[in-house]
Structures are given as structure tokens and as C-alpha cells.
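Here is the file run-v4.cif (mmCIF, N, CA and C atoms).
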data_upload
#
loop_
_atom_site.label_atom_id
_atom_site.label_comp_id
_atom_site.auth_asym_id
_atom_site.auth_seq_id
_atom_site.Cartn_x
_atom_site.Cartn_y
_atom_site.Cartn_z
N MET A 64 -17.15 51.00 8.30
CA MET A 64 -17.58 52.19 8.98
C MET A 64 -17.47 52.09 10.49
N ILE A 65 -17.37 50.87 11.01
CA ILE A 65 -17.26 50.74 12.46
C ILE A 65 -15.97 51.40 12.95
N GLY A 66 -14.95 51.45 12.07
CA GLY A 66 -13.71 52.14 12.42
C GLY A 66 -13.93 53.61 12.66
N ARG A 67 -14.76 54.23 11.84
CA ARG A 67 -15.07 55.65 12.04
C ARG A 67 -15.77 55.85 13.37
N LEU A 68 -16.69 54.96 13.68
CA LEU A 68 -17.39 55.06 14.96
C LEU A 68 -16.40 54.89 16.11
N GLY A 69 -15.47 53.97 15.94
CA GLY A 69 -14.45 53.74 16.97
C GLY A 69 -13.60 54.98 17.23
N LEU A 70 -13.39 55.78 16.20
CA LEU A 70 -12.60 57.01 16.36
C LEU A 70 -13.33 58.06 17.18
N THR A 71 -14.64 57.92 17.35
CA THR A 71 -15.40 58.89 18.13
C THR A 71 -15.45 58.53 19.61
N LEU A 72 -14.95 57.35 19.96
CA LEU A 72 -15.05 56.87 21.32
C LEU A 72 -13.88 57.31 22.19
N ASP A 73 -14.08 57.30 23.47
CA ASP A 73 -13.06 57.68 24.43
C ASP A 73 -12.17 56.47 24.72
N GLY A 74 -10.93 56.52 24.25
CA GLY A 74 -9.99 55.43 24.46
C GLY A 74 -9.60 55.22 25.91
N ASN A 75 -9.88 56.20 26.78
CA ASN A 75 -9.58 56.07 28.21
C ASN A 75 -10.71 55.41 28.98
N ASN A 76 -11.86 55.25 28.35
CA ASN A 76 -12.99 54.60 29.00
C ASN A 76 -12.87 53.10 28.77
N PRO A 77 -12.82 52.30 29.83
CA PRO A 77 -12.66 50.85 29.67
C PRO A 77 -13.74 50.22 28.79
N ALA A 78 -14.93 50.80 28.77
CA ALA A 78 -16.02 50.23 27.98
C ALA A 78 -15.78 50.35 26.48
N SER A 79 -14.97 51.32 26.06
CA SER A 79 -14.75 51.53 24.63
C SER A 79 -13.29 51.47 24.22
N ALA A 80 -12.41 51.22 25.17
CA ALA A 80 -10.97 51.27 24.88
C ALA A 80 -10.57 50.34 23.74
N GLY A 81 -11.07 49.14 23.71
CA GLY A 81 -10.69 48.19 22.67
C GLY A 81 -11.08 48.66 21.28
N LEU A 82 -12.29 49.20 21.14
CA LEU A 82 -12.73 49.69 19.84
C LEU A 82 -11.93 50.91 19.40
N ALA A 83 -11.69 51.82 20.33
CA ALA A 83 -10.94 53.02 20.00
C ALA A 83 -9.51 52.67 19.56
N GLU A 84 -8.87 51.76 20.29
CA GLU A 84 -7.51 51.34 19.94
C GLU A 84 -7.47 50.64 18.58
N LYS A 85 -8.45 49.80 18.31
CA LYS A 85 -8.51 49.09 17.04
C LYS A 85 -8.70 50.07 15.88
N ALA A 86 -9.55 51.06 16.08
CA ALA A 86 -9.79 52.07 15.04
C ALA A 86 -8.52 52.86 14.75
N LEU A 87 -7.79 53.22 15.78
CA LEU A 87 -6.53 53.97 15.58
C LEU A 87 -5.47 53.10 14.91
N ARG A 88 -5.40 51.85 15.30
CA ARG A 88 -4.42 50.93 14.70
C ARG A 88 -4.71 50.72 13.21
N ALA A 89 -5.99 50.72 12.84
CA ALA A 89 -6.38 50.49 11.45
C ALA A 89 -5.92 51.60 10.51
N ILE A 90 -5.62 52.78 11.06
CA ILE A 90 -5.15 53.88 10.22
C ILE A 90 -3.69 54.25 10.50
N ASN A 91 -3.00 53.38 11.24
CA ASN A 91 -1.60 53.64 11.61
C ASN A 91 -0.67 52.83 10.70
N PRO A 92 0.03 53.48 9.77
CA PRO A 92 0.94 52.76 8.88
C PRO A 92 2.03 51.99 9.62
N ASP A 93 2.42 52.45 10.80
CA ASP A 93 3.46 51.77 11.58
C ASP A 93 3.00 50.41 12.11
N ALA A 94 1.69 50.18 12.14
CA ALA A 94 1.14 48.91 12.61
C ALA A 94 0.97 47.91 11.47
N ALA A 95 1.36 48.30 10.27
CA ALA A 95 1.16 47.44 9.09
C ALA A 95 2.15 46.28 9.07
N LYS A 96 1.76 45.22 8.35
CA LYS A 96 2.60 44.03 8.22
C LYS A 96 3.31 43.97 6.88
N SER A 97 2.97 44.90 5.98
CA SER A 97 3.61 44.93 4.68
C SER A 97 3.56 46.36 4.13
N GLU A 98 4.30 46.59 3.07
CA GLU A 98 4.28 47.92 2.45
C GLU A 98 2.90 48.26 1.91
N GLY A 99 2.25 47.28 1.30
CA GLY A 99 0.91 47.51 0.76
C GLY A 99 -0.09 47.83 1.85
N ASP A 100 0.02 47.12 2.97
CA ASP A 100 -0.85 47.37 4.11
C ASP A 100 -0.59 48.76 4.67
N ALA A 101 0.67 49.15 4.76
CA ALA A 101 1.02 50.48 5.27
C ALA A 101 0.44 51.57 4.37
N ALA A 102 0.53 51.37 3.06
CA ALA A 102 -0.01 52.35 2.11
C ALA A 102 -1.53 52.45 2.25
N ALA A 103 -2.18 51.31 2.43
CA ALA A 103 -3.64 51.31 2.58
C ALA A 103 -4.06 52.02 3.86
N ARG A 104 -3.34 51.77 4.95
CA ARG A 104 -3.66 52.42 6.22
C ARG A 104 -3.43 53.93 6.13
N ASP A 105 -2.35 54.32 5.46
CA ASP A 105 -2.05 55.74 5.28
C ASP A 105 -3.14 56.41 4.44
N ALA A 106 -3.55 55.75 3.38
CA ALA A 106 -4.61 56.30 2.51
C ALA A 106 -5.92 56.44 3.29
N ARG A 107 -6.25 55.43 4.11
CA ARG A 107 -7.47 55.48 4.92
C ARG A 107 -7.41 56.65 5.90
N ALA A 108 -6.26 56.85 6.54
CA ALA A 108 -6.10 57.95 7.49
C ALA A 108 -6.27 59.29 6.80
N LYS A 109 -5.66 59.45 5.63
CA LYS A 109 -5.77 60.72 4.90
C LYS A 109 -7.21 60.99 4.47
N LYS A 110 -7.90 59.95 4.04
CA LYS A 110 -9.30 60.10 3.63
C LYS A 110 -10.15 60.55 4.81
N ILE A 111 -9.95 59.93 5.96
CA ILE A 111 -10.71 60.30 7.15
C ILE A 111 -10.41 61.74 7.55
N LEU A 112 -9.15 62.13 7.52
CA LEU A 112 -8.77 63.51 7.86
C LEU A 112 -9.43 64.52 6.93
N ARG A 113 -9.50 64.19 5.64
CA ARG A 113 -10.15 65.10 4.67
C ARG A 113 -11.63 65.26 4.96
N GLU A 114 -12.23 64.25 5.54
CA GLU A 114 -13.68 64.24 5.75
C GLU A 114 -14.08 64.65 7.16
N MET A 115 -13.13 65.13 7.95
CA MET A 115 -13.44 65.55 9.32
C MET A 115 -13.93 66.99 9.33
N TYR A 116 -14.69 67.30 10.36
CA TYR A 116 -15.19 68.65 10.58
C TYR A 116 -14.53 69.20 11.83
N LYS A 117 -14.27 70.51 11.81
CA LYS A 117 -13.65 71.13 12.99
C LYS A 117 -14.35 72.44 13.30
N GLY A 118 -14.55 72.68 14.58
CA GLY A 118 -15.09 73.95 15.04
C GLY A 118 -16.41 74.32 14.39
N ASP A 119 -16.47 75.50 13.79
CA ASP A 119 -17.70 76.01 13.19
C ASP A 119 -18.27 75.10 12.12
N GLU A 120 -17.43 74.26 11.48
CA GLU A 120 -17.93 73.33 10.47
C GLU A 120 -18.92 72.33 11.06
N LEU A 121 -18.85 72.12 12.38
CA LEU A 121 -19.74 71.16 13.05
C LEU A 121 -21.16 71.68 13.18
N LYS A 122 -21.34 73.00 13.17
CA LYS A 122 -22.67 73.58 13.36
C LYS A 122 -23.60 73.08 12.26
N GLY A 123 -24.76 72.64 12.67
CA GLY A 123 -25.76 72.19 11.71
C GLY A 123 -25.58 70.76 11.25
N LYS A 124 -24.53 70.08 11.68
CA LYS A 124 -24.33 68.68 11.32
C LYS A 124 -25.14 67.80 12.26
N ASN A 125 -25.62 66.70 11.73
CA ASN A 125 -26.33 65.75 12.58
C ASN A 125 -25.30 65.04 13.45
N VAL A 126 -25.60 64.90 14.72
CA VAL A 126 -24.70 64.22 15.65
C VAL A 126 -25.44 63.02 16.22
N VAL A 127 -24.80 61.86 16.16
CA VAL A 127 -25.40 60.65 16.72
C VAL A 127 -25.60 60.88 18.22
N PRO A 128 -26.82 60.65 18.73
CA PRO A 128 -27.06 60.85 20.16
C PRO A 128 -26.05 60.06 21.00
N GLY A 129 -25.48 60.75 21.99
CA GLY A 129 -24.51 60.13 22.87
C GLY A 129 -23.08 60.26 22.38
N LEU A 130 -22.89 60.73 21.13
CA LEU A 130 -21.54 60.87 20.60
C LEU A 130 -21.16 62.34 20.38
N GLY A 131 -21.89 63.22 21.00
CA GLY A 131 -21.56 64.64 20.91
C GLY A 131 -20.43 65.00 21.87
N GLU A 132 -20.18 66.27 22.02
CA GLU A 132 -19.11 66.77 22.88
C GLU A 132 -19.36 66.35 24.33
N ARG A 133 -18.37 65.72 24.94
CA ARG A 133 -18.49 65.24 26.32
C ARG A 133 -17.39 65.81 27.23
N TRP A 134 -16.52 66.64 26.69
CA TRP A 134 -15.37 67.10 27.46
C TRP A 134 -15.39 68.60 27.70
N ASP A 135 -16.51 69.24 27.37
CA ASP A 135 -16.67 70.69 27.58
C ASP A 135 -15.59 71.52 26.90
N ARG A 136 -15.12 71.06 25.74
CA ARG A 136 -14.14 71.84 24.99
C ARG A 136 -14.85 72.96 24.23
N PRO A 137 -14.17 74.07 24.02
CA PRO A 137 -14.78 75.13 23.19
C PRO A 137 -14.99 74.61 21.77
N LEU A 138 -15.98 75.15 21.07
CA LEU A 138 -16.33 74.69 19.73
C LEU A 138 -15.12 74.64 18.80
N GLU A 139 -14.23 75.63 18.87
CA GLU A 139 -13.09 75.66 17.95
C GLU A 139 -12.11 74.51 18.15
N GLU A 140 -12.18 73.80 19.28
CA GLU A 140 -11.31 72.65 19.52
C GLU A 140 -11.99 71.31 19.23
N GLN A 141 -13.27 71.34 18.93
CA GLN A 141 -14.02 70.11 18.71
C GLN A 141 -13.81 69.58 17.28
N LEU A 142 -13.82 68.25 17.17
CA LEU A 142 -13.69 67.57 15.88
C LEU A 142 -14.88 66.65 15.68
N GLY A 143 -15.24 66.44 14.43
CA GLY A 143 -16.30 65.51 14.09
C GLY A 143 -15.89 64.70 12.88
N ILE A 144 -16.48 63.54 12.73
CA ILE A 144 -16.17 62.68 11.61
C ILE A 144 -17.48 62.22 10.98
N GLY A 145 -17.53 62.24 9.66
CA GLY A 145 -18.74 61.84 8.97
C GLY A 145 -18.92 60.32 9.00
N ILE A 146 -20.13 59.92 9.31
CA ILE A 146 -20.51 58.51 9.25
C ILE A 146 -21.73 58.44 8.35
N PRO A 147 -21.61 57.82 7.19
CA PRO A 147 -22.75 57.77 6.28
C PRO A 147 -23.98 57.18 6.94
N GLU A 148 -25.11 57.86 6.80
CA GLU A 148 -26.35 57.44 7.45
C GLU A 148 -26.74 56.01 7.09
N GLN A 149 -26.50 55.62 5.84
CA GLN A 149 -26.87 54.27 5.41
C GLN A 149 -26.03 53.19 6.09
N SER A 150 -24.92 53.58 6.74
CA SER A 150 -24.08 52.62 7.44
C SER A 150 -24.56 52.33 8.86
N LEU A 151 -25.38 53.21 9.42
CA LEU A 151 -25.79 53.05 10.82
C LEU A 151 -26.57 51.76 11.09
N PRO A 152 -27.53 51.36 10.26
CA PRO A 152 -28.22 50.09 10.57
C PRO A 152 -27.28 48.89 10.60
N ALA A 153 -26.35 48.81 9.67
CA ALA A 153 -25.41 47.68 9.66
C ALA A 153 -24.50 47.70 10.89
N MET A 154 -24.04 48.89 11.28
CA MET A 154 -23.19 48.99 12.47
C MET A 154 -23.98 48.62 13.72
N THR A 155 -25.22 49.09 13.80
CA THR A 155 -26.06 48.77 14.95
C THR A 155 -26.28 47.27 15.04
N GLU A 156 -26.56 46.63 13.90
CA GLU A 156 -26.77 45.18 13.90
C GLU A 156 -25.52 44.46 14.38
N LYS A 157 -24.36 44.89 13.92
CA LYS A 157 -23.11 44.25 14.32
C LYS A 157 -22.89 44.38 15.83
N ILE A 158 -23.15 45.55 16.36
CA ILE A 158 -22.96 45.78 17.79
C ILE A 158 -23.94 44.92 18.61
N VAL A 159 -25.20 44.90 18.19
CA VAL A 159 -26.21 44.11 18.91
C VAL A 159 -25.87 42.62 18.86
N ARG A 160 -25.46 42.14 17.68
CA ARG A 160 -25.09 40.73 17.56
C ARG A 160 -23.90 40.40 18.47
N GLY A 161 -22.92 41.31 18.52
CA GLY A 161 -21.75 41.09 19.37
C GLY A 161 -22.09 41.06 20.85
N ILE A 162 -22.93 42.01 21.27
CA ILE A 162 -23.33 42.05 22.68
C ILE A 162 -24.14 40.80 23.04
N THR A 163 -25.04 40.38 22.15
CA THR A 163 -25.85 39.19 22.40
C THR A 163 -24.96 37.96 22.54
N PHE A 164 -23.96 37.85 21.66
CA PHE A 164 -23.06 36.70 21.75
C PHE A 164 -22.25 36.74 23.04
N ARG A 165 -21.74 37.92 23.35
CA ARG A 165 -20.89 38.06 24.54
C ARG A 165 -21.67 37.84 25.84
N GLU A 166 -22.86 38.39 25.92
CA GLU A 166 -23.62 38.33 27.16
C GLU A 166 -24.44 37.04 27.31
N ASP A 167 -25.01 36.55 26.19
CA ASP A 167 -25.92 35.41 26.25
C ASP A 167 -25.37 34.15 25.60
N GLN A 168 -24.16 34.23 25.04
CA GLN A 168 -23.56 33.12 24.30
C GLN A 168 -24.52 32.61 23.22
N ALA A 169 -25.27 33.52 22.63
CA ALA A 169 -26.22 33.18 21.57
C ALA A 169 -25.79 33.88 20.28
N PHE A 170 -25.74 33.13 19.20
CA PHE A 170 -25.35 33.68 17.92
C PHE A 170 -26.59 34.04 17.12
N ILE A 171 -26.67 35.27 16.66
CA ILE A 171 -27.77 35.72 15.82
C ILE A 171 -27.26 35.75 14.39
N GLU A 172 -27.90 35.02 13.51
CA GLU A 172 -27.50 35.00 12.11
C GLU A 172 -27.72 36.39 11.51
N PRO A 173 -26.84 36.83 10.61
CA PRO A 173 -27.03 38.12 9.95
C PRO A 173 -28.40 38.20 9.27
N GLY A 174 -29.06 39.34 9.42
CA GLY A 174 -30.33 39.57 8.76
C GLY A 174 -31.54 39.00 9.47
N GLN A 175 -31.36 38.40 10.65
CA GLN A 175 -32.52 37.83 11.38
C GLN A 175 -33.28 38.92 12.09
#
Serialized structure, C-alpha cells:
Amino acid sequence: MIGRLGLTLDGNNPASAGLAEKALRAINPDAAKSEGDAAARDARAKKILREMYKGDELKGKNVVPGLGERWDRPLEEQLGIGIPEQSLPAMTEKIVRGITFREDQAFIEPGQ
């Protein structure tokens, strides 16, 4: 699910560029190393596209704070992607563990 979160980030922002690029690469069949990998990436991309919301479909959807519209686009041009609520704690833990390791050189065991 971290890939879905990565797709919501601004690839032009240096703070999120790596995650955004990785998320896009994960659904790009041209970045695959084998036919099977290409098929899996293509299937993942199609699944995500089917589950996206556009324009009026976004009304009434829960939006993760800080990940809402930031570019002042009209509603009909806005896109949203579903992130299962049960995935948020695991993604948050992964992000916190990564930041702690990067900033403090301290490894937090999963589930601590």
C-alpha cells in the first residue's frame, strides 16, 4: 500500500520525489526485468486506475490530512486513490521506522 501513498505525493518536491518515482516505476511495465514482471506491473496499474476517483466522485470520501488538493485545480480535474484504512497503521509504522533509522541511526524492531 505504500505504493498507493507514493502516487499521491508530488514528484517535483525533493522531500517526496524518491517515493513518487518508485511508486510510478512499480506500475510501469517498461521498467520490468521480465515478461512476468511486466504483466504484474501492468495488472497493478490497471487495478489502481479502476479504483481511482475523479471529480465529483471525490465528494464525501475521506481524505488523509495533508494529502488533499494542493494545486488549486477545479474539482473536475482532481484525482483520488483509495488507500484501505487498515493499511494506514502499517504504513505509518514503516515511515516512522525509516525516519528513525535515517535520522538517529537507530533500528526499531517491527511491532515495538
Provide the atom N of Ser79 (chain A) to CA of Arg133 (chain A) distance in Å, to one decimal place.
->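 Distance reported for this atom pair: 14.4 Å.
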Distance in Å - CA of Asp73 (chain A) versus CA of Gly131 (chain A) =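 If I compute the distance from CA of Asp73 (chain A) to CA of Gly131 (chain A), I get 11.5 Å.
Applied to the file shown here, the PyMOL selection byres ((chain A and resi 139-143) around 6.5) selects the residues Glu114, Met115, Tyr116, Lys117, Gly118, Asp119, Arg136, Pro137, Leu138, Ile144 and Gly145 of chain A.
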How would the residues just picked look written out with N, CA and C atoms as a PDB file, in the coordinates of the input?
ATOM      1  N   GLU A 114     -12.230  64.250   5.540  1.00  0.00           N
ATOM      2  CA  GLU A 114     -13.680  64.240   5.750  1.00  0.00           C
ATOM      3  C   GLU A 114     -14.080  64.650   7.160  1.00  0.00           C
ATOM      4  N   MET A 115     -13.130  65.130   7.950  1.00  0.00           N
ATOM      5  CA  MET A 115     -13.440  65.550   9.320  1.00  0.00           C
ATOM      6  C   MET A 115     -13.930  66.990   9.330  1.00  0.00           C
ATOM      7  N   TYR A 116     -14.690  67.300  10.360  1.00  0.00           N
ATOM      8  CA  TYR A 116     -15.190  68.650  10.580  1.00  0.00           C
ATOM      9  C   TYR A 116     -14.530  69.200  11.830  1.00  0.00           C
ATOM     10  N   LYS A 117     -14.270  70.510  11.810  1.00  0.00           N
ATOM     11  CA  LYS A 117     -13.650  71.130  12.990  1.00  0.00           C
ATOM     12  C   LYS A 117     -14.350  72.440  13.300  1.00  0.00           C
ATOM     13  N   GLY A 118     -14.550  72.680  14.580  1.00  0.00           N
ATOM     14  CA  GLY A 118     -15.090  73.950  15.040  1.00  0.00           C
ATOM     15  C   GLY A 118     -16.410  74.320  14.390  1.00  0.00           C
ATOM     16  N   ASP A 119     -16.470  75.500  13.790  1.00  0.00           N
ATOM     17  CA  ASP A 119     -17.700  76.010  13.190  1.00  0.00           C
ATOM     18  C   ASP A 119     -18.270  75.100  12.120  1.00  0.00           C
ATOM     19  N   ARG A 136     -15.120  71.060  25.740  1.00  0.00           N
ATOM     20  CA  ARG A 136     -14.140  71.840  24.990  1.00  0.00           C
ATOM     21  C   ARG A 136     -14.850  72.960  24.230  1.00  0.00           C
ATOM     22  N   PRO A 137     -14.170  74.070  24.020  1.00  0.00           N
ATOM     23  CA  PRO A 137     -14.780  75.130  23.190  1.00  0.00           C
ATOM     24  C   PRO A 137     -14.990  74.610  21.770  1.00  0.00           C
ATOM     25  N   LEU A 138     -15.980  75.150  21.070  1.00  0.00           N
ATOM     26  CA  LEU A 138     -16.330  74.690  19.730  1.00  0.00           C
ATOM     27  C   LEU A 138     -15.120  74.640  18.800  1.00  0.00           C
ATOM     28  N   ILE A 144     -16.480  63.540  12.730  1.00  0.00           N
ATOM     29  CA  ILE A 144     -16.170  62.680  11.610  1.00  0.00           C
ATOM     30  C   ILE A 144     -17.480  62.220  10.980  1.00  0.00           C
ATOM     31  N   GLY A 145     -17.530  62.240   9.660  1.00  0.00           N
ATOM     32  CA  GLY A 145     -18.740  61.840   8.970  1.00  0.00           C
ATOM     33  C   GLY A 145     -18.920  60.320   9.000  1.00  0.00           C
TER      34      GLY A 145
END
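Per DSSP on the backbone, strand (DSSP E) in region 64-166 of chain A comprises Met115, Tyr116, Lys117, Leu142, Gly143 and Ile144 of chain A.
Across A:Glu172, A:Gly161, A:Leu130, A:Leu121, the tightest approach to Thr71 (chain A) is made by A:Leu130 when counting only N, CA and C atoms.
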Give me the box for region 87-104 of chain A as JSON, namely the centre and edge lengths in Å to one decimal of a box along x, y and z that holds every listed atom plus 6 Å on each side.
{"center_x": -1.7, "center_y": 49.1, "center_z": 8.3, "size_x": 24.1, "size_y": 22.3, "size_z": 27.0}
What separates atom N of Lys157 (chain A) and CA of Phe170 (chain A) is a distance of 11.9 Å
Distance criterion (all atoms listed in the file): nearest to Lys85 (chain A) out of A:Pro152, A:Gly99, A:Gly66, A:Pro147 =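 Residue with the minimum atom-to-atom distance to Lys85 (chain A): A:Gly66.
Between Ile65 (chain A) and the candidates A:Ala86, A:Glu148, A:Arg113, A:Arg107, the tightest atom-to-atom separation, counting all atoms listed in the file, involves A:Ala86.
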Mind listing the alpha helix (DSSP H) residues of region 103-135 of chain A, per DSSP on the backbone, as a ChimeraX atom specification?
-> /A:103-113
Neighbour list for Leu82 (chain A) as a list in words, cut-off 6.5 Å, only N, CA and C atoms, skip fewer than 5 positions in-chain | Gly69, Leu70 and Leu87 of chain A
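If you measure from each of A:Ala169, A:Asn125, A:Ala80, A:Ile146 to Arg67 (chain A) using only C-alpha atoms, the closest one turns out to be A:Ile146.
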Could I see region 113-123 of chain A restored to all heavy atoms, set down as a PDB file, in the frame of the given file?
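Output file part.pdb is given in full below:
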ATOM      1  N   ARG A 113      -9.500  64.190   5.640  1.00  0.00           N
ATOM      2  CA  ARG A 113     -10.150  65.100   4.670  1.00  0.00           C
ATOM      3  C   ARG A 113     -11.630  65.260   4.960  1.00  0.00           C
ATOM      4  O   ARG A 113     -12.219  66.285   4.639  1.00  0.00           O
ATOM      5  CB  ARG A 113      -9.981  64.574   3.244  1.00  0.00           C
ATOM      6  CG  ARG A 113      -8.641  64.805   2.621  1.00  0.00           C
ATOM      7  CD  ARG A 113      -8.658  64.532   1.116  1.00  0.00           C
ATOM      8  NE  ARG A 113      -9.227  63.237   0.764  1.00  0.00           N
ATOM      9  CZ  ARG A 113      -8.533  62.101   0.643  1.00  0.00           C
ATOM     10  NH1 ARG A 113      -7.238  62.087   0.865  1.00  0.00           N
ATOM     11  NH2 ARG A 113      -9.138  60.973   0.309  1.00  0.00           N
ATOM     12  N   GLU A 114     -12.230  64.250   5.540  1.00  0.00           N
ATOM     13  CA  GLU A 114     -13.680  64.240   5.750  1.00  0.00           C
ATOM     14  C   GLU A 114     -14.080  64.650   7.160  1.00  0.00           C
ATOM     15  O   GLU A 114     -15.246  64.557   7.522  1.00  0.00           O
ATOM     16  CB  GLU A 114     -14.230  62.846   5.430  1.00  0.00           C
ATOM     17  CG  GLU A 114     -14.047  62.479   3.975  1.00  0.00           C
ATOM     18  CD  GLU A 114     -14.422  61.045   3.657  1.00  0.00           C
ATOM     19  OE1 GLU A 114     -14.847  60.301   4.565  1.00  0.00           O
ATOM     20  OE2 GLU A 114     -14.301  60.677   2.481  1.00  0.00           O
ATOM     21  N   MET A 115     -13.130  65.130   7.950  1.00  0.00           N
ATOM     22  CA  MET A 115     -13.440  65.550   9.320  1.00  0.00           C
ATOM     23  C   MET A 115     -13.930  66.990   9.330  1.00  0.00           C
ATOM     24  O   MET A 115     -13.635  67.776   8.434  1.00  0.00           O
ATOM     25  CB  MET A 115     -12.216  65.407  10.213  1.00  0.00           C
ATOM     26  CG  MET A 115     -11.874  63.957  10.482  1.00  0.00           C
ATOM     27  SD  MET A 115     -10.545  63.759  11.668  1.00  0.00           S
ATOM     28  CE  MET A 115     -11.463  63.985  13.177  1.00  0.00           C
ATOM     29  N   TYR A 116     -14.690  67.300  10.360  1.00  0.00           N
ATOM     30  CA  TYR A 116     -15.190  68.650  10.580  1.00  0.00           C
ATOM     31  C   TYR A 116     -14.530  69.200  11.830  1.00  0.00           C
ATOM     32  O   TYR A 116     -14.278  68.471  12.781  1.00  0.00           O
ATOM     33  CB  TYR A 116     -16.707  68.633  10.812  1.00  0.00           C
ATOM     34  CG  TYR A 116     -17.475  67.930   9.730  1.00  0.00           C
ATOM     35  CD1 TYR A 116     -17.983  66.653   9.933  1.00  0.00           C
ATOM     36  CD2 TYR A 116     -17.699  68.541   8.504  1.00  0.00           C
ATOM     37  CE1 TYR A 116     -18.696  66.004   8.937  1.00  0.00           C
ATOM     38  CE2 TYR A 116     -18.408  67.902   7.508  1.00  0.00           C
ATOM     39  CZ  TYR A 116     -18.908  66.644   7.725  1.00  0.00           C
ATOM     40  OH  TYR A 116     -19.608  66.000   6.743  1.00  0.00           O
ATOM     41  N   LYS A 117     -14.270  70.510  11.810  1.00  0.00           N
ATOM     42  CA  LYS A 117     -13.650  71.130  12.990  1.00  0.00           C
ATOM     43  C   LYS A 117     -14.350  72.440  13.300  1.00  0.00           C
ATOM     44  O   LYS A 117     -14.676  73.211  12.386  1.00  0.00           O
ATOM     45  CB  LYS A 117     -12.164  71.378  12.761  1.00  0.00           C
ATOM     46  CG  LYS A 117     -11.466  71.928  13.992  1.00  0.00           C
ATOM     47  CD  LYS A 117      -9.982  72.036  13.843  1.00  0.00           C
ATOM     48  CE  LYS A 117      -9.405  72.524  15.151  1.00  0.00           C
ATOM     49  NZ  LYS A 117      -7.984  72.630  15.146  1.00  0.00           N
ATOM     50  N   GLY A 118     -14.550  72.680  14.580  1.00  0.00           N
ATOM     51  CA  GLY A 118     -15.090  73.950  15.040  1.00  0.00           C
ATOM     52  C   GLY A 118     -16.410  74.320  14.390  1.00  0.00           C
ATOM     53  O   GLY A 118     -17.369  73.546  14.423  1.00  0.00           O
ATOM     54  N   ASP A 119     -16.470  75.500  13.790  1.00  0.00           N
ATOM     55  CA  ASP A 119     -17.700  76.010  13.190  1.00  0.00           C
ATOM     56  C   ASP A 119     -18.270  75.100  12.120  1.00  0.00           C
ATOM     57  O   ASP A 119     -19.470  75.136  11.847  1.00  0.00           O
ATOM     58  CB  ASP A 119     -17.476  77.407  12.595  1.00  0.00           C
ATOM     59  CG  ASP A 119     -17.420  78.492  13.662  1.00  0.00           C
ATOM     60  OD1 ASP A 119     -17.975  78.278  14.753  1.00  0.00           O
ATOM     61  OD2 ASP A 119     -16.830  79.557  13.385  1.00  0.00           O
ATOM     62  N   GLU A 120     -17.430  74.260  11.480  1.00  0.00           N
ATOM     63  CA  GLU A 120     -17.930  73.330  10.470  1.00  0.00           C
ATOM     64  C   GLU A 120     -18.920  72.330  11.060  1.00  0.00           C
ATOM     65  O   GLU A 120     -19.717  71.743  10.345  1.00  0.00           O
ATOM     66  CB  GLU A 120     -16.768  72.554   9.829  1.00  0.00           C
ATOM     67  CG  GLU A 120     -15.797  73.408   9.063  1.00  0.00           C
ATOM     68  CD  GLU A 120     -14.585  72.612   8.592  1.00  0.00           C
ATOM     69  OE1 GLU A 120     -14.268  71.575   9.206  1.00  0.00           O
ATOM     70  OE2 GLU A 120     -13.967  73.032   7.613  1.00  0.00           O
ATOM     71  N   LEU A 121     -18.850  72.120  12.380  1.00  0.00           N
ATOM     72  CA  LEU A 121     -19.740  71.160  13.050  1.00  0.00           C
ATOM     73  C   LEU A 121     -21.160  71.680  13.180  1.00  0.00           C
ATOM     74  O   LEU A 121     -22.100  70.892  13.309  1.00  0.00           O
ATOM     75  CB  LEU A 121     -19.212  70.827  14.444  1.00  0.00           C
ATOM     76  CG  LEU A 121     -17.932  70.016  14.500  1.00  0.00           C
ATOM     77  CD1 LEU A 121     -17.369  70.017  15.905  1.00  0.00           C
ATOM     78  CD2 LEU A 121     -18.178  68.607  14.032  1.00  0.00           C
ATOM     79  N   LYS A 122     -21.340  73.000  13.170  1.00  0.00           N
ATOM     80  CA  LYS A 122     -22.670  73.580  13.360  1.00  0.00           C
ATOM     81  C   LYS A 122     -23.600  73.080  12.260  1.00  0.00           C
ATOM     82  O   LYS A 122     -23.259  73.078  11.091  1.00  0.00           O
ATOM     83  CB  LYS A 122     -22.591  75.100  13.330  1.00  0.00           C
ATOM     84  CG  LYS A 122     -21.970  75.697  14.552  1.00  0.00           C
ATOM     85  CD  LYS A 122     -21.982  77.200  14.489  1.00  0.00           C
ATOM     86  CE  LYS A 122     -21.329  77.800  15.718  1.00  0.00           C
ATOM     87  NZ  LYS A 122     -21.240  79.254  15.623  1.00  0.00           N
ATOM     88  N   GLY A 123     -24.760  72.640  12.670  1.00  0.00           N
ATOM     89  CA  GLY A 123     -25.760  72.190  11.710  1.00  0.00           C
ATOM     90  C   GLY A 123     -25.580  70.760  11.250  1.00  0.00           C
ATOM     91  O   GLY A 123     -26.385  70.257  10.482  1.00  0.00           O
TER      92      GLY A 123
END
